[in-house]
$ cat model04.pdb   # PDB, C-alpha atoms and all ligand atoms
ATOM      1  CA  MET K1415      33.803 120.799 196.424
ATOM      2  CA  LYS K1416      37.267 121.983 197.400
ATOM      3  CA  LEU K1417      38.698 124.561 195.064
ATOM      4  CA  ASP K1418      42.414 125.086 195.173
ATOM      5  CA  LEU K1419      43.064 128.146 193.047
ATOM      6  CA  ASN K1420      46.186 130.293 193.133
ATOM      7  CA  ILE K1421      44.808 133.792 192.620
ATOM      8  CA  GLN K1422      46.270 137.293 192.644
ATOM      9  CA  PRO K1423      44.082 140.154 193.819
ATOM     10  CA  LEU K1424      42.077 142.061 191.214
ATOM     11  CA  SER K1425      44.057 145.218 191.996
ATOM     12  CA  THR K1426      47.199 143.619 190.477
ATOM     13  CA  TRP K1427      45.686 143.723 186.979
ATOM     14  CA  ILE K1428      42.897 146.260 186.772
ATOM     15  CA  ASN K1429      42.371 149.723 188.207
ATOM     16  CA  THR K1430      40.179 149.047 191.211
ATOM     17  CA  GLY K1431      40.515 152.650 192.336
ATOM     18  CA  LYS K1432      37.381 153.659 190.467
ATOM     19  CA  GLU K1433      34.427 152.537 192.517
ATOM     20  CA  PRO K1434      32.376 150.662 191.476
ATOM     21  CA  LEU K1435      34.608 148.659 189.132
ATOM     22  CA  VAL K1436      33.152 148.852 185.616
ATOM     23  CA  ILE K1437      34.357 147.242 182.394
ATOM     24  CA  ALA K1438      32.400 148.621 179.442
ATOM     25  CA  GLY K1439      32.327 148.687 175.674
ATOM     26  CA  PRO K1440      30.318 147.464 172.734
ATOM     27  CA  CYS K1441      29.075 143.915 172.377
ATOM     28  CA  SER K1442      30.865 143.853 169.016
ATOM     29  CA  ALA K1443      33.507 145.998 167.414
ATOM     30  CA  GLU K1444      31.653 146.921 164.208
ATOM     31  CA  THR K1445      33.719 149.623 162.536
ATOM     32  CA  GLU K1446      36.878 151.439 163.522
ATOM     33  CA  ASP K1447      34.912 154.668 163.993
ATOM     34  CA  GLN K1448      32.224 153.040 166.164
ATOM     35  CA  LEU K1449      34.793 151.414 168.439
ATOM     36  CA  VAL K1450      37.137 154.372 168.765
ATOM     37  CA  ALA K1451      34.318 156.905 169.239
ATOM     38  CA  THR K1452      32.670 154.721 171.898
ATOM     39  CA  ALA K1453      36.023 154.295 173.649
ATOM     40  CA  HIS K1454      36.559 158.075 173.759
ATOM     41  CA  LEU K1455      33.136 158.668 175.305
ATOM     42  CA  LEU K1456      33.666 155.901 177.846
ATOM     43  CA  ALA K1457      37.124 157.183 178.782
ATOM     44  CA  LYS K1458      35.714 160.695 179.211
ATOM     45  CA  THR K1459      33.276 159.448 181.860
ATOM     46  CA  GLY K1460      36.269 158.707 184.104
ATOM     47  CA  LYS K1461      34.335 155.730 185.457
ATOM     48  CA  VAL K1462      35.493 152.876 183.246
ATOM     49  CA  ALA K1463      38.469 150.657 184.141
ATOM     50  CA  ALA K1464      38.735 148.744 180.850
ATOM     51  CA  LEU K1465      37.266 148.683 177.340
ATOM     52  CA  ARG K1466      35.555 145.476 176.190
ATOM     53  CA  ALA K1467      34.694 144.571 172.599
ATOM     54  CA  GLY K1468      33.932 141.273 170.900
ATOM     55  CA  ILE K1469      35.717 140.678 167.600
ATOM     56  CA  TRP K1470      35.209 136.908 167.335
ATOM     57  CA  LYS K1471      31.532 136.372 168.117
ATOM     58  CA  PRO K1472      30.142 132.887 168.697
ATOM     59  CA  ARG K1473      26.552 133.182 167.454
ATOM     60  CA  THR K1474      23.905 130.638 168.256
ATOM     61  CA  ARG K1475      22.638 130.466 164.659
ATOM     62  CA  PRO K1476      24.562 130.825 161.394
ATOM     63  CA  GLY K1477      24.015 133.741 159.064
ATOM     64  CA  GLU K1478      24.361 136.432 161.706
ATOM     65  CA  PHE K1479      27.294 138.778 162.239
ATOM     66  CA  GLU K1480      30.098 136.613 163.608
ATOM     67  CA  GLY K1481      32.517 139.370 164.492
ATOM     68  CA  ILE K1482      34.800 141.602 162.491
ATOM     69  CA  GLY K1483      37.782 139.322 163.136
ATOM     70  CA  SER K1484      41.470 140.083 163.531
ATOM     71  CA  ILE K1485      41.290 143.574 162.009
ATOM     72  CA  GLY K1486      39.427 144.546 165.189
ATOM     73  CA  LEU K1487      42.682 144.060 167.101
ATOM     74  CA  GLU K1488      44.125 147.046 165.235
ATOM     75  CA  TRP K1489      41.094 149.122 166.190
ATOM     76  CA  LEU K1490      41.450 148.097 169.830
ATOM     77  CA  LYS K1491      45.107 149.079 169.706
ATOM     78  CA  ARG K1492      44.139 152.512 168.411
ATOM     79  CA  ALA K1493      41.369 152.889 171.000
ATOM     80  CA  LYS K1494      43.869 152.108 173.737
ATOM     81  CA  GLN K1495      46.533 154.444 172.357
ATOM     82  CA  GLU K1496      44.090 157.331 172.117
ATOM     83  CA  THR K1497      42.212 156.834 175.388
ATOM     84  CA  GLY K1498      44.618 154.980 177.673
ATOM     85  CA  LEU K1499      41.920 152.407 178.433
ATOM     86  CA  PRO K1500      43.186 148.829 178.787
ATOM     87  CA  THR K1501      41.406 146.469 176.383
ATOM     88  CA  ALA K1502      39.579 143.160 176.782
ATOM     89  CA  VAL K1503      38.402 140.643 174.159
ATOM     90  CA  GLU K1504      36.772 137.236 174.064
ATOM     91  CA  VAL K1505      38.945 134.353 172.890
ATOM     92  CA  ALA K1506      37.584 130.987 171.814
ATOM     93  CA  THR K1507      40.569 129.267 170.178
ATOM     94  CA  ALA K1508      44.347 129.028 170.638
ATOM     95  CA  LYS K1509      44.758 131.228 167.549
ATOM     96  CA  HIS K1510      42.606 133.949 169.108
ATOM     97  CA  VAL K1511      44.813 133.860 172.215
ATOM     98  CA  GLU K1512      48.004 134.140 170.167
ATOM     99  CA  GLU K1513      46.683 136.984 168.017
ATOM    100  CA  ALA K1514      45.239 138.921 170.948
ATOM    101  CA  LEU K1515      48.460 138.655 172.933
ATOM    102  CA  ALA K1516      50.551 139.645 169.911
ATOM    103  CA  ALA K1517      48.338 142.723 169.492
ATOM    104  CA  GLY K1518      48.819 143.748 173.133
ATOM    105  CA  VAL K1519      45.286 143.104 174.393
ATOM    106  CA  ASP K1520      45.378 143.505 178.173
ATOM    107  CA  ILE K1521      42.647 141.154 179.388
ATOM    108  CA  LEU K1522      41.112 138.059 177.778
ATOM    109  CA  TRP K1523      37.804 136.424 178.535
ATOM    110  CA  VAL K1524      36.334 133.013 177.801
ATOM    111  CA  GLY K1525      32.717 133.174 176.613
ATOM    112  CA  ALA K1526      29.795 131.191 178.005
ATOM    113  CA  ARG K1527      29.616 128.815 175.040
ATOM    114  CA  SER K1528      33.324 128.029 175.281
ATOM    115  CA  THR K1529      33.257 127.438 179.048
ATOM    116  CA  ALA K1530      30.742 124.659 178.411
ATOM    117  CA  ASN K1531      33.337 122.728 176.364
ATOM    118  CA  PRO K1532      36.359 121.345 178.270
ATOM    119  CA  PHE K1533      38.298 120.626 175.043
ATOM    120  CA  THR K1534      37.963 124.262 174.003
ATOM    121  CA  VAL K1535      38.916 125.501 177.456
ATOM    122  CA  GLN K1536      41.961 123.217 177.536
ATOM    123  CA  GLU K1537      43.055 124.468 174.118
ATOM    124  CA  ILE K1538      42.799 128.052 175.377
ATOM    125  CA  ALA K1539      44.605 127.134 178.602
ATOM    126  CA  ASP K1540      47.471 125.512 176.681
ATOM    127  CA  ALA K1541      47.842 128.632 174.526
ATOM    128  CA  LEU K1542      48.062 130.743 177.691
ATOM    129  CA  LYS K1543      50.989 128.780 179.167
ATOM    130  CA  GLY K1544      54.027 130.928 179.820
ATOM    131  CA  THR K1545      52.013 134.175 179.879
ATOM    132  CA  ASP K1546      50.534 136.031 182.813
ATOM    133  CA  VAL K1547      47.710 137.796 181.009
ATOM    134  CA  PRO K1548      44.578 138.312 183.119
ATOM    135  CA  VAL K1549      41.726 135.988 182.131
ATOM    136  CA  MET K1550      38.034 136.194 183.008
ATOM    137  CA  VAL K1551      35.908 133.071 182.670
ATOM    138  CA  LYS K1552      32.186 133.430 182.030
ATOM    139  CA  ASN K1553      29.852 130.860 183.495
ATOM    140  CA  PRO K1554      28.768 128.168 181.011
ATOM    141  CA  VAL K1555      25.420 128.678 179.263
ATOM    142  CA  ASN K1556      23.927 125.857 181.336
ATOM    143  CA  PRO K1557      23.639 125.994 185.133
ATOM    144  CA  ASP K1558      26.513 123.607 185.851
ATOM    145  CA  LEU K1559      28.809 124.910 188.563
ATOM    146  CA  SER K1560      31.364 122.141 187.951
ATOM    147  CA  LEU K1561      31.867 123.185 184.334
ATOM    148  CA  TRP K1562      32.520 126.765 185.460
ATOM    149  CA  VAL K1563      34.909 125.589 188.172
ATOM    150  CA  GLY K1564      36.609 123.161 185.772
ATOM    151  CA  ALA K1565      37.289 125.940 183.271
ATOM    152  CA  LEU K1566      38.727 128.175 186.010
ATOM    153  CA  GLU K1567      40.935 125.306 187.201
ATOM    154  CA  ARG K1568      42.210 124.519 183.705
ATOM    155  CA  ILE K1569      43.216 128.149 183.126
ATOM    156  CA  ASN K1570      44.710 128.460 186.612
ATOM    157  CA  ARG K1571      46.740 125.259 186.167
ATOM    158  CA  ALA K1572      48.138 126.711 182.947
ATOM    159  CA  GLY K1573      49.776 129.311 185.216
ATOM    160  CA  ILE K1574      47.237 132.136 184.968
ATOM    161  CA  THR K1575      46.854 133.644 188.431
ATOM    162  CA  LYS K1576      45.234 136.911 187.361
ATOM    163  CA  LEU K1577      41.877 135.223 187.173
ATOM    164  CA  ALA K1578      38.254 136.257 187.622
ATOM    165  CA  ALA K1579      34.861 134.686 187.021
ATOM    166  CA  ILE K1580      32.103 136.463 185.113
ATOM    167  CA  HIS K1581      28.513 135.738 186.115
ATOM    168  CA  ARG K1582      26.372 136.216 182.962
ATOM    169  CA  GLY K1583      23.363 134.087 183.824
ATOM    170  CA  PHE K1584      22.116 130.760 182.485
ATOM    171  CA  SER K1585      19.957 129.737 179.518
ATOM    172  CA  SER K1586      16.474 128.519 180.163
ATOM    173  CA  HIS K1587      13.506 127.513 178.070
ATOM    174  CA  GLY K1588      10.336 129.571 177.960
ATOM    175  CA  ALA K1589       9.359 133.148 178.626
ATOM    176  CA  SER K1590      11.195 135.047 181.361
ATOM    177  CA  THR K1591      11.984 138.581 182.408
ATOM    178  CA  PHE K1592      15.625 137.766 181.830
ATOM    179  CA  ARG K1593      17.505 136.724 178.723
ATOM    180  CA  ASN K1594      19.585 134.472 180.981
ATOM    181  CA  GLU K1595      18.388 133.538 184.468
ATOM    182  CA  PRO K1596      20.758 134.970 187.079
ATOM    183  CA  MET K1597      20.472 131.923 189.390
ATOM    184  CA  TRP K1598      22.388 133.932 191.972
ATOM    185  CA  ASP K1599      22.868 130.883 194.170
ATOM    186  CA  LEU K1600      25.369 129.409 191.681
ATOM    187  CA  ALA K1601      27.562 132.498 191.819
ATOM    188  CA  ILE K1602      27.243 132.594 195.602
ATOM    189  CA  SER K1603      28.231 128.944 195.733
ATOM    190  CA  LEU K1604      31.316 129.641 193.601
ATOM    191  CA  LYS K1605      32.246 132.418 196.024
ATOM    192  CA  THR K1606      31.868 130.061 198.968
ATOM    193  CA  HIS K1607      34.163 127.473 197.389
ATOM    194  CA  ALA K1608      36.738 129.998 196.158
ATOM    195  CA  PRO K1609      36.602 133.076 198.417
ATOM    196  CA  ASP K1610      39.671 134.697 196.788
ATOM    197  CA  LEU K1611      38.271 134.480 193.270
ATOM    198  CA  PRO K1612      36.909 137.841 192.080
ATOM    199  CA  ILE K1613      33.453 137.657 190.497
ATOM    200  CA  ILE K1614      32.378 140.242 187.937
ATOM    201  CA  ASN K1615      28.697 140.430 187.063
ATOM    202  CA  ASP K1616      27.478 140.832 183.467
ATOM    203  CA  PRO K1617      24.043 142.458 183.784
ATOM    204  CA  SER K1618      23.864 143.024 180.014
ATOM    205  CA  HIS K1619      23.710 139.329 179.121
ATOM    206  CA  ILE K1620      21.625 138.441 182.180
ATOM    207  CA  THR K1621      18.900 140.927 181.363
ATOM    208  CA  GLY K1622      19.019 141.334 177.591
ATOM    209  CA  ASN K1623      17.259 144.598 178.428
ATOM    210  CA  ARG K1624      18.945 147.930 179.079
ATOM    211  CA  ASP K1625      16.185 149.005 181.494
ATOM    212  CA  LEU K1626      17.121 146.274 183.992
ATOM    213  CA  ILE K1627      20.887 146.743 183.995
ATOM    214  CA  GLY K1628      20.938 149.122 186.957
ATOM    215  CA  TYR K1629      18.779 146.802 189.044
ATOM    216  CA  ILE K1630      20.946 143.720 188.382
ATOM    217  CA  SER K1631      24.178 145.693 188.884
ATOM    218  CA  GLN K1632      23.002 146.881 192.300
ATOM    219  CA  LYS K1633      22.058 143.342 193.284
ATOM    220  CA  ALA K1634      25.512 142.095 192.209
ATOM    221  CA  PHE K1635      27.277 144.658 194.396
ATOM    222  CA  ASP K1636      24.884 143.907 197.272
ATOM    223  CA  LEU K1637      26.056 140.287 196.970
ATOM    224  CA  ASP K1638      29.668 141.448 197.207
ATOM    225  CA  MET K1639      30.611 140.860 193.601
ATOM    226  CA  GLN K1640      33.625 142.967 192.721
ATOM    227  CA  GLY K1641      32.599 144.566 189.459
ATOM    228  CA  VAL K1642      30.313 144.701 186.453
ATOM    229  CA  MET K1643      30.858 144.327 182.730
ATOM    230  CA  ILE K1644      28.282 146.405 180.842
ATOM    231  CA  GLU K1645      27.809 146.635 177.086
ATOM    232  CA  SER K1646      27.941 150.211 175.859
ATOM    233  CA  HIS K1647      27.579 151.441 172.277
ATOM    234  CA  ILE K1648      27.709 154.956 170.891
ATOM    235  CA  ASP K1649      24.282 154.358 169.287
ATOM    236  CA  PRO K1650      22.626 151.166 170.606
ATOM    237  CA  SER K1651      19.650 151.554 168.244
ATOM    238  CA  VAL K1652      21.860 150.631 165.294
ATOM    239  CA  ALA K1653      24.074 148.053 167.043
ATOM    240  CA  TRP K1654      24.796 144.952 164.946
ATOM    241  CA  THR K1655      24.472 142.639 167.971
ATOM    242  CA  ASP K1656      22.632 142.773 171.302
ATOM    243  CA  ALA K1657      20.982 146.118 170.470
ATOM    244  CA  LYS K1658      18.324 145.871 173.217
ATOM    245  CA  GLN K1659      20.802 145.550 176.044
ATOM    246  CA  GLN K1660      23.465 148.083 175.082
ATOM    247  CA  VAL K1661      23.490 151.520 176.678
ATOM    248  CA  THR K1662      25.003 154.792 175.540
ATOM    249  CA  PRO K1663      28.034 155.990 177.516
ATOM    250  CA  ALA K1664      25.774 158.735 178.968
ATOM    251  CA  ALA K1665      23.227 156.163 180.154
ATOM    252  CA  LEU K1666      26.086 154.125 181.597
ATOM    253  CA  VAL K1667      27.134 157.074 183.755
ATOM    254  CA  GLU K1668      23.608 157.322 185.125
ATOM    255  CA  ILE K1669      23.572 153.599 185.957
ATOM    256  CA  ILE K1670      26.941 153.821 187.705
ATOM    257  CA  GLU K1671      26.035 156.946 189.666
ATOM    258  CA  ASN K1672      22.915 155.227 190.990
ATOM    259  CA  ILE K1673      24.833 152.268 192.410
ATOM    260  CA  THR K1674      25.263 152.270 196.176
ATOM    261  CA  LEU K1675      28.251 150.399 197.516
ATOM    262  CA  ARG K1676      28.106 149.009 200.990
ATOM    263  CA  LYS K1677      30.484 150.739 203.357
ATOM    264  CA  PRO K1678      33.132 148.401 204.744
ATOM    265  CA  GLU K1679      32.375 147.488 208.353
ATOM    266  CA  VAL K1680      34.521 149.213 210.963
TER     267      VAL K1680
HETATM  268  C1  LIG B1701      29.546 138.830 174.916
HETATM  269  O1  LIG B1701      30.132 139.153 175.971
HETATM  270  O2  LIG B1701      29.286 139.650 174.017
HETATM  271  C2  LIG B1701      29.064 137.439 174.765
HETATM  272  C3  LIG B1701      29.012 136.833 173.590
HETATM  273  O3  LIG B1701      28.668 136.930 175.919
HETATM  274  P1  LIG B1701      28.309 135.436 176.405
HETATM  275  O4  LIG B1701      29.496 134.579 176.135
HETATM  276  O5  LIG B1701      28.049 135.672 177.856
HETATM  277  O6  LIG B1701      27.064 135.008 175.678
HETATM  278 MN    MN B1702      26.872 140.735 173.709
END
$ encode --input "model04.pdb" --output "structure tokens"
Amino acid sequence: MKLDLNIQPLSTWINTGKEPLVIAGPCSAETEDQLVATAHLLAKTGKVAALRAGIWKPRTRPGEFEGIGSIGLEWLKRAKQETGLPTAVEVATAKHVEEALAAGVDILWVGARSTANPFTVQEIADALKGTDVPVMVKNPVNPDLSLWVGALERINRAGITKLAAIHRGFSSHGASTFRNEPMWDLAISLKTHAPDLPIINDPSHITGNRDLIGYISQKAFDLDMQGVMIESHIDPSVAWTDAKQQVTPAALVEIIENITLRKPEV
């Protein structure tokens, strides 16, 4: 598979000066206080390059919290104003893209369920035309490298060159240590086909378990991935979504401080 992507380096759109590169924030923006207070604690660590928060949440089953919606954009704006952290949200429709851009969100990402649907990805790509906002594309829920590549190509052909992939693991049936199997070979294969494409690991959605986030993060950096996106909540025990995998900002610091980066060869 030949991949012909036109990519700008990660350092053109996110602060890569903090090593390791960490994007962090709650799974979901729940209330203005929860988001802003979490953002302040994360900013204070000095180790976080961008604040993530989901406001439109694609849930597998109906009847669960599906995100706070557009009002969350105002909260993100406030979090950014008060902390200086650039913001990142998931977009799943053209309307999400338009609203997020209008609200000054810095980085967009396409979620795993959206990446699995080429019509959805194309709709997002069309809405991105004429902008140069950075976009991160999660792997699809199923272990299909072509779907992941196809989504990256669609967004890149829409003119987005500030592009990264997010490796968040793949659904499987039956009991497992992981919520989503890492299947590292797929991410490695993507790297082989597109060496310039930055890959960010998402240990939160791979593990579904806060105790394993450090282990998976280390493995990602050992495999030369460029960063991690980790869910962090001011009080994970009361989180409305993904409570078992979120970590407090203090626990996040511990995880980051325990990561060893390989020294560049001289
Ligand atoms: C998320 O990042 O909160 C999320 C919904 O992730 P994914 O698309 O990987 O399931
Ligand atoms: Mn989540």
$ residues_around --input "model04.pdb" --residues "Ser1528 in chain K" --least-positions-apart "4" --cutoff "9 Å" --atoms "all atoms listed in the file" --output "list of chain:residue names"
K:Pro1472, K:Val1505, K:Ala1506, K:Thr1507, K:Val1524, K:Pro1532, K:Phe1533, K:Thr1534, K:Val1535, K:Lys1552, K:Pro1554, K:Val1555
$ resolve_selection --input "model04.pdb" --expression "the PyMOL selection byres (((not hetatm)) within 7 of (chain B and resi 1701))" --output "compact mmCIF listing (two decimals) with C-alpha atoms, in the frame of the given file"
# COMPACT_ATOMS: atom_id res chain seq x y z
CA CYS K 1441 29.08 143.92 172.38
CA SER K 1442 30.86 143.85 169.02
CA GLY K 1468 33.93 141.27 170.90
CA LYS K 1471 31.53 136.37 168.12
CA PRO K 1472 30.14 132.89 168.70
CA GLY K 1525 32.72 133.17 176.61
CA ALA K 1526 29.80 131.19 178.00
CA ARG K 1527 29.62 128.82 175.04
CA LYS K 1552 32.19 133.43 182.03
CA ARG K 1582 26.37 136.22 182.96
CA HIS K 1619 23.71 139.33 179.12
$ resolve_selection --input "model04.pdb" --expression "the PyMOL selection byres (((not hetatm)) within 12 of (chain B and resi 1702))" --output "number ranges by chain"
K: 1438-1443, 1466-1474, 1479-1481, 1503-1504, 1525-1526, 1582, 1593, 1616-1624, 1643-1647, 1650, 1653-1661
$ atom_distance --input "model04.pdb" --atom1 "CA of Pro1612 in chain K" --atom2 "CA of Pro1434 in chain K"
13.6 Å
$ closest_residue --input "model04.pdb" --among "K:Thr1575, K:Asn1615, K:Val1642, K:Asp1636" --to "Lys1677 in chain K" --atoms "all atoms listed in the file"
K:Asp1636
$ closest_atom_pairs --input "model04.pdb" --of "range 1472-1535 of chain K" --to "range 1539-1542 of chain K" --cutoff "8 Å" --atoms "all atoms listed in the file" --output "CSV"
residue,atom,partner,partner_atom,distance
K:Ala1508,CA,K:Ala1541,CA,5.2
K:Val1511,CA,K:Ala1541,CA,6.5
K:Glu1512,CA,K:Ala1541,CA,7.0
K:Val1535,CA,K:Ala1539,CA,6.0
$ resolve_selection --input "model04.pdb" --expression "the PyMOL selection byres (((chain K and resi 1584) around 7) and not hetatm)" --output "list of chain:residue names"
K:Val1555, K:Asn1556, K:Pro1557, K:Arg1582, K:Gly1583, K:Ser1585, K:Ser1586, K:Asn1594, K:Glu1595, K:Pro1596
$ decode --input "model04.pdb" --residues "range 1426-1438 of chain K" --atoms "C-alpha atoms" --output "mmCIF file, in the first residue's frame"
data_model
loop_
_atom_site.group_PDB
_atom_site.id
_atom_site.type_symbol
_atom_site.label_atom_id
_atom_site.label_comp_id
_atom_site.auth_asym_id
_atom_site.auth_seq_id
_atom_site.Cartn_x
_atom_site.Cartn_y
_atom_site.Cartn_z
ATOM 1 C CA THR K 1426 3.937 23.259 13.382
ATOM 2 C CA TRP K 1427 0.675 22.828 15.309
ATOM 3 C CA ILE K 1428 1.317 21.629 18.832
ATOM 4 C CA ASN K 1429 3.942 22.408 21.444
ATOM 5 C CA THR K 1430 6.344 19.511 21.092
ATOM 6 C CA GLY K 1431 8.780 21.168 23.476
ATOM 7 C CA LYS K 1432 7.287 19.371 26.454
ATOM 8 C CA GLU K 1433 8.598 15.840 26.422
ATOM 9 C CA PRO K 1434 6.817 13.471 26.276
ATOM 10 C CA LEU K 1435 3.998 15.034 24.249
ATOM 11 C CA VAL K 1436 0.757 14.696 26.224
ATOM 12 C CA ILE K 1437 -2.771 15.760 25.304
ATOM 13 C CA ALA K 1438 -5.063 15.396 28.316
#
